[in-house]
file query00.txt (compact mmCIF, C-alpha atoms)
# COMPACT_ATOMS: atom_id res chain seq x y z
CA MET Z 1 -2.69 21.30 23.56
CA ARG Z 2 -1.90 18.65 20.97
CA ARG Z 3 -3.30 15.22 21.48
CA MET Z 4 -1.11 12.21 20.96
CA THR Z 5 -2.21 10.23 17.92
CA ALA Z 6 -3.28 6.67 18.41
CA ASN Z 7 -0.52 4.11 18.72
CA PRO Z 8 -0.69 2.04 15.50
CA LEU Z 9 1.20 -0.79 17.23
CA ALA Z 10 -1.63 -1.14 19.73
CA SER Z 11 -4.47 -0.80 17.26
CA ASN Z 12 -6.09 -2.91 14.62
CA GLU Z 13 -5.37 -0.43 11.83
CA PRO Z 14 -4.81 -2.08 8.45
CA ALA Z 15 -1.22 -2.60 7.39
CA ALA Z 16 -1.95 -0.60 4.24
CA VAL Z 17 -1.78 2.71 6.15
CA LYS Z 18 1.02 4.75 4.57
CA LEU Z 19 3.65 6.59 6.53
CA GLN Z 20 3.74 10.32 5.98
CA GLY Z 21 7.07 12.08 5.99
CA CYS Z 22 10.67 11.04 6.40
CA THR Z 23 11.47 9.07 9.55
CA ASN Z 24 15.01 10.45 9.67
CA LEU Z 25 13.76 14.04 9.48
CA LYS Z 26 11.15 13.46 12.20
CA LEU Z 27 13.68 11.88 14.55
CA ARG Z 28 16.21 14.67 13.92
CA GLN Z 29 13.56 17.31 14.60
CA LEU Z 30 12.60 15.64 17.88
CA THR Z 31 16.23 15.23 18.90
CA ARG Z 32 16.97 18.90 18.17
CA ARG Z 33 13.98 20.10 20.20
CA ILE Z 34 14.89 17.95 23.19
CA THR Z 35 18.58 18.91 22.97
CA GLN Z 36 17.61 22.60 22.88
CA ARG Z 37 15.80 22.22 26.20
CA TYR Z 38 18.73 20.47 27.89
CA ASP Z 39 21.26 22.88 26.36
CA ALA Z 40 19.27 25.91 27.55
CA GLU Z 41 19.29 24.60 31.11
CA LEU Z 42 22.94 23.49 31.08
CA ALA Z 43 24.02 26.83 29.57
CA ARG Z 44 23.37 28.30 33.01
CA VAL Z 45 26.58 26.60 34.14
CA GLY Z 46 28.45 27.08 30.87
CA LEU Z 47 28.03 23.58 29.40
CA ARG Z 48 26.34 21.96 26.45
CA THR Z 49 24.58 18.61 26.65
CA THR Z 50 27.46 16.86 24.87
CA GLN Z 51 29.95 18.26 27.39
CA TYR Z 52 27.82 17.20 30.35
CA SER Z 53 27.54 13.70 28.91
CA LEU Z 54 31.28 13.51 28.38
CA LEU Z 55 32.05 14.69 31.92
CA SER Z 56 29.54 12.14 33.27
CA HIS Z 57 31.10 9.28 31.32
CA VAL Z 58 34.65 10.19 32.35
CA LEU Z 59 33.53 10.47 35.98
CA LYS Z 60 31.84 7.08 35.85
CA LEU Z 61 34.36 5.16 33.71
CA GLY Z 62 37.64 6.99 34.20
CA PRO Z 63 40.50 6.96 34.18
CA ILE Z 64 39.88 5.48 30.74
CA GLN Z 65 41.70 5.17 27.44
CA PRO Z 66 40.32 7.44 24.70
CA GLY Z 67 39.42 4.52 22.44
CA ALA Z 68 37.49 2.77 25.19
CA LEU Z 69 35.64 5.99 26.02
CA ALA Z 70 34.74 6.54 22.36
CA ARG Z 71 33.36 2.99 22.18
CA ALA Z 72 31.42 3.39 25.43
CA MET Z 73 29.87 6.60 24.13
CA LYS Z 74 29.33 5.11 20.65
CA MET Z 75 31.19 7.88 18.88
CA GLU Z 76 34.10 8.26 16.49
CA ALA Z 77 37.51 8.74 18.09
CA SER Z 78 37.95 12.01 16.15
CA THR Z 79 34.62 13.31 17.51
CA LEU Z 80 35.71 12.43 21.03
CA THR Z 81 39.04 14.22 20.58
CA ARG Z 82 37.27 17.34 19.27
CA ASN Z 83 34.77 17.31 22.16
CA LEU Z 84 37.48 16.76 24.79
CA LYS Z 85 39.53 19.84 23.78
CA PRO Z 86 37.29 22.49 25.40
CA LEU Z 87 36.99 20.38 28.56
CA GLN Z 88 40.77 20.07 28.71
CA ALA Z 89 41.20 23.80 28.09
CA GLU Z 90 38.90 24.54 31.05
CA GLY Z 91 40.83 22.10 33.23
CA TRP Z 92 37.84 19.78 33.76
CA VAL Z 93 39.52 16.70 32.27
CA GLU Z 94 43.13 15.81 31.68
CA LEU Z 95 44.93 13.42 29.40
CA ALA Z 96 47.62 11.59 31.38
CA SER Z 97 50.11 8.84 30.65
CA GLY Z 98 48.79 5.31 30.90
CA ALA Z 99 50.46 2.09 32.00
CA ASP Z 100 53.12 2.36 29.29
CA GLY Z 101 54.64 5.28 27.44
CA ARG Z 102 52.34 4.88 24.44
CA SER Z 103 48.97 4.72 26.18
CA ARG Z 104 46.96 7.68 27.45
CA LEU Z 105 44.19 7.92 30.02
CA ILE Z 106 41.43 10.50 30.32
CA ARG Z 107 40.55 11.46 33.86
CA ILE Z 108 38.27 14.03 35.41
CA THR Z 109 39.86 16.72 37.58
CA ASP Z 110 38.54 18.08 40.87
CA SER Z 111 37.22 21.15 39.07
CA GLY Z 112 35.62 18.82 36.50
CA ARG Z 113 33.85 16.95 39.31
CA ASP Z 114 32.60 20.27 40.70
CA LYS Z 115 31.42 21.44 37.26
CA ARG Z 116 29.63 18.14 36.65
CA GLN Z 117 27.95 18.32 40.07
CA ASP Z 118 26.73 21.88 39.37
CA ALA Z 119 25.54 20.82 35.94
CA GLN Z 120 23.75 17.75 37.28
CA ARG Z 121 21.20 19.95 39.08
CA HIS Z 122 20.43 21.72 35.80
CA TRP Z 123 20.26 18.43 33.90
CA LYS Z 124 17.73 17.19 36.46
CA ALA Z 125 15.71 20.40 36.05
CA ALA Z 126 15.62 19.88 32.27
CA GLN Z 127 14.62 16.23 32.76
CA THR Z 128 11.85 17.14 35.22
CA SER Z 129 10.54 19.84 32.89
CA LEU Z 130 10.47 17.43 29.96
CA ASN Z 131 8.73 14.79 32.10
CA LYS Z 132 6.02 17.31 33.03
CA LEU Z 133 5.65 18.66 29.50
CA LEU Z 134 5.44 15.32 27.68
CA GLY Z 135 4.20 13.16 30.53
CA VAL Z 136 5.92 10.13 31.99
CA PRO Z 137 3.65 7.59 30.23
CA ARG Z 138 4.52 9.08 26.81
CA LEU Z 139 8.23 9.11 27.67
CA LEU Z 140 8.13 5.50 28.90
CA THR Z 141 6.53 4.52 25.60
CA LEU Z 142 9.11 6.56 23.67
CA HIS Z 143 12.02 4.99 25.58
CA ALA Z 144 10.65 1.48 25.00
CA LEU Z 145 10.16 2.15 21.29
CA ILE Z 146 13.67 3.59 20.95
CA ASP Z 147 15.23 0.64 22.83
CA GLU Z 148 13.32 -1.87 20.72
CA SER Z 149 14.23 -0.07 17.51
CA LEU Z 150 17.92 0.03 18.47
CA GLU Z 151 17.85 -3.72 19.03
CA LEU Z 152 16.26 -4.28 15.62
CA LEU Z 153 18.62 -1.98 13.74
CA ALA Z 154 22.09 -3.41 13.44
CA PRO Z 155 24.81 -0.79 12.92
CA VAL Z 156 25.62 -0.08 9.29
CA ALA Z 157 29.06 -1.42 8.34
CA GLY Z 158 31.64 1.36 8.36
CA ALA Z 159 29.37 3.84 10.13
CA ALA Z 160 29.89 4.97 13.69
CA ASP Z 161 27.21 5.59 16.27
CA GLU Z 162 27.30 9.23 17.34
call {"tool": "encode", "arguments": {"input": "query00.txt", "output": "structure tokens"}}
result
Amino acid sequence: MRRMTANPLASNEPAAVKLQGCTNLKLRQLTRRITQRYDAELARVGLRTTQYSLLSHVLKLGPIQPGALARAMKMEASTLTRNLKPLQAEGWVELASGADGRSRLIRITDSGRDKRQDAQRHWKAAQTSLNKLLGVPRLLTLHALIDESLELLAPVAGAADE
């Protein structure tokens, strides 16, 4: 079993210690590994992690305008549209008319609620497995570091959060 390396933020290591490797690559590798675990569990009910997240957001926030949903999920409108299509095709979400003829609202259907409920059990299983594998203290530290880093890093002008 690998041991977690010492936390340089909590140590008295000299500031001259050099980072090894590309931060972007390391974060992408970690994200892919974690996503694989959630996707493997959610595949049992025919969903991917992105689809589960989208169903969860529409359930919580809907009916909601597409632009507002894209902002809430920190994604490009075109990415949202692309990700909504398979959910619409399955009948799990629908795009309906809004308050006026020009506006649209995304809402979850009854079958979408059922699919999300089935998927939630598998999401919880993936979460529990990850908690056991990595340990809650490590995950609490990771979450805190991510939250702090997000606060420090302002979005780049013209780039969208995805």
call {"tool": "closest_atom_pairs", "arguments": {"input": "query00.txt", "of": "region 81-129 of chain Z", "to": "region 135-149 of chain Z", "cutoff": "12 Å", "atoms": "only C-alpha atoms", "output": "JSON lines"}}
result
{"residue": "Z:Gln127", "atom": "CA", "partner": "Z:Val136", "partner_atom": "CA", "distance": 10.7}
{"residue": "Z:Thr128", "atom": "CA", "partner": "Z:Val136", "partner_atom": "CA", "distance": 9.7}
{"residue": "Z:Ser129", "atom": "CA", "partner": "Z:Gly135", "partner_atom": "CA", "distance": 9.5}
call {"tool": "closest_residue", "arguments": {"input": "query00.txt", "among": "Z:Lys115, Z:Lys132, Z:Leu19, Z:Ile106", "to": "Ala70 (chain Z)", "atoms": "all atoms listed in the file"}}
result
Z:Ile106
call {"tool": "atom_distance", "arguments": {"input": "query00.txt", "atom1": "CA of Lys60 (chain Z)", "atom2": "CA of Leu153 (chain Z)"}}
result
27.3 Å
call {"tool": "axis_aligned_box", "arguments": {"input": "query00.txt", "around": "region 134-145 of chain Z", "padding_each_side": "3 Å", "output": "lines of an AutoDock Vina configuration file"}}
result
center_x = 7.8
center_y = 8.4
center_z = 26.6
size_x = 14.4
size_y = 19.8
size_z = 16.7
call {"tool": "closest_residue", "arguments": {"input": "query00.txt", "among": "Z:Ala89, Z:Ser53, Z:Leu152, Z:Leu133", "to": "Arg37 (chain Z)", "atoms": "only C-alpha atoms"}}
result
Z:Leu133
call {"tool": "residues_around", "arguments": {"input": "query00.txt", "residues": "region 38-51 of chain Z", "least_positions_apart": "4", "cutoff": "8 Å", "atoms": "all atoms listed in the file", "output": "JSON, numbers by chain"}}
result
{"Z": [34, 55, 83, 87, 115, 118, 119, 122, 123, 125, 126, 127]}
call {"tool": "closest_residue", "arguments": {"input": "query00.txt", "among": "Z:Pro155, Z:Gln20, Z:Arg107, Z:Arg113", "to": "Leu61 (chain Z)", "atoms": "all atoms listed in the file"}}
result
Z:Arg107
call {"tool": "atom_distance", "arguments": {"input": "query00.txt", "atom1": "CA of Gly91 (chain Z)", "atom2": "CA of Gln36 (chain Z)"}}
result
25.4 Å
call {"tool": "atom_distance", "arguments": {"input": "query00.txt", "atom1": "CA of Trp92 (chain Z)", "atom2": "CA of Met73 (chain Z)"}}
result
18.2 Å
call {"tool": "residues_around", "arguments": {"input": "query00.txt", "residues": "Ala99 (chain Z)", "least_positions_apart": "3", "cutoff": "12 Å", "atoms": "only C-alpha atoms", "output": "number ranges by chain"}}
result
Z: 63-65, 96, 102-105
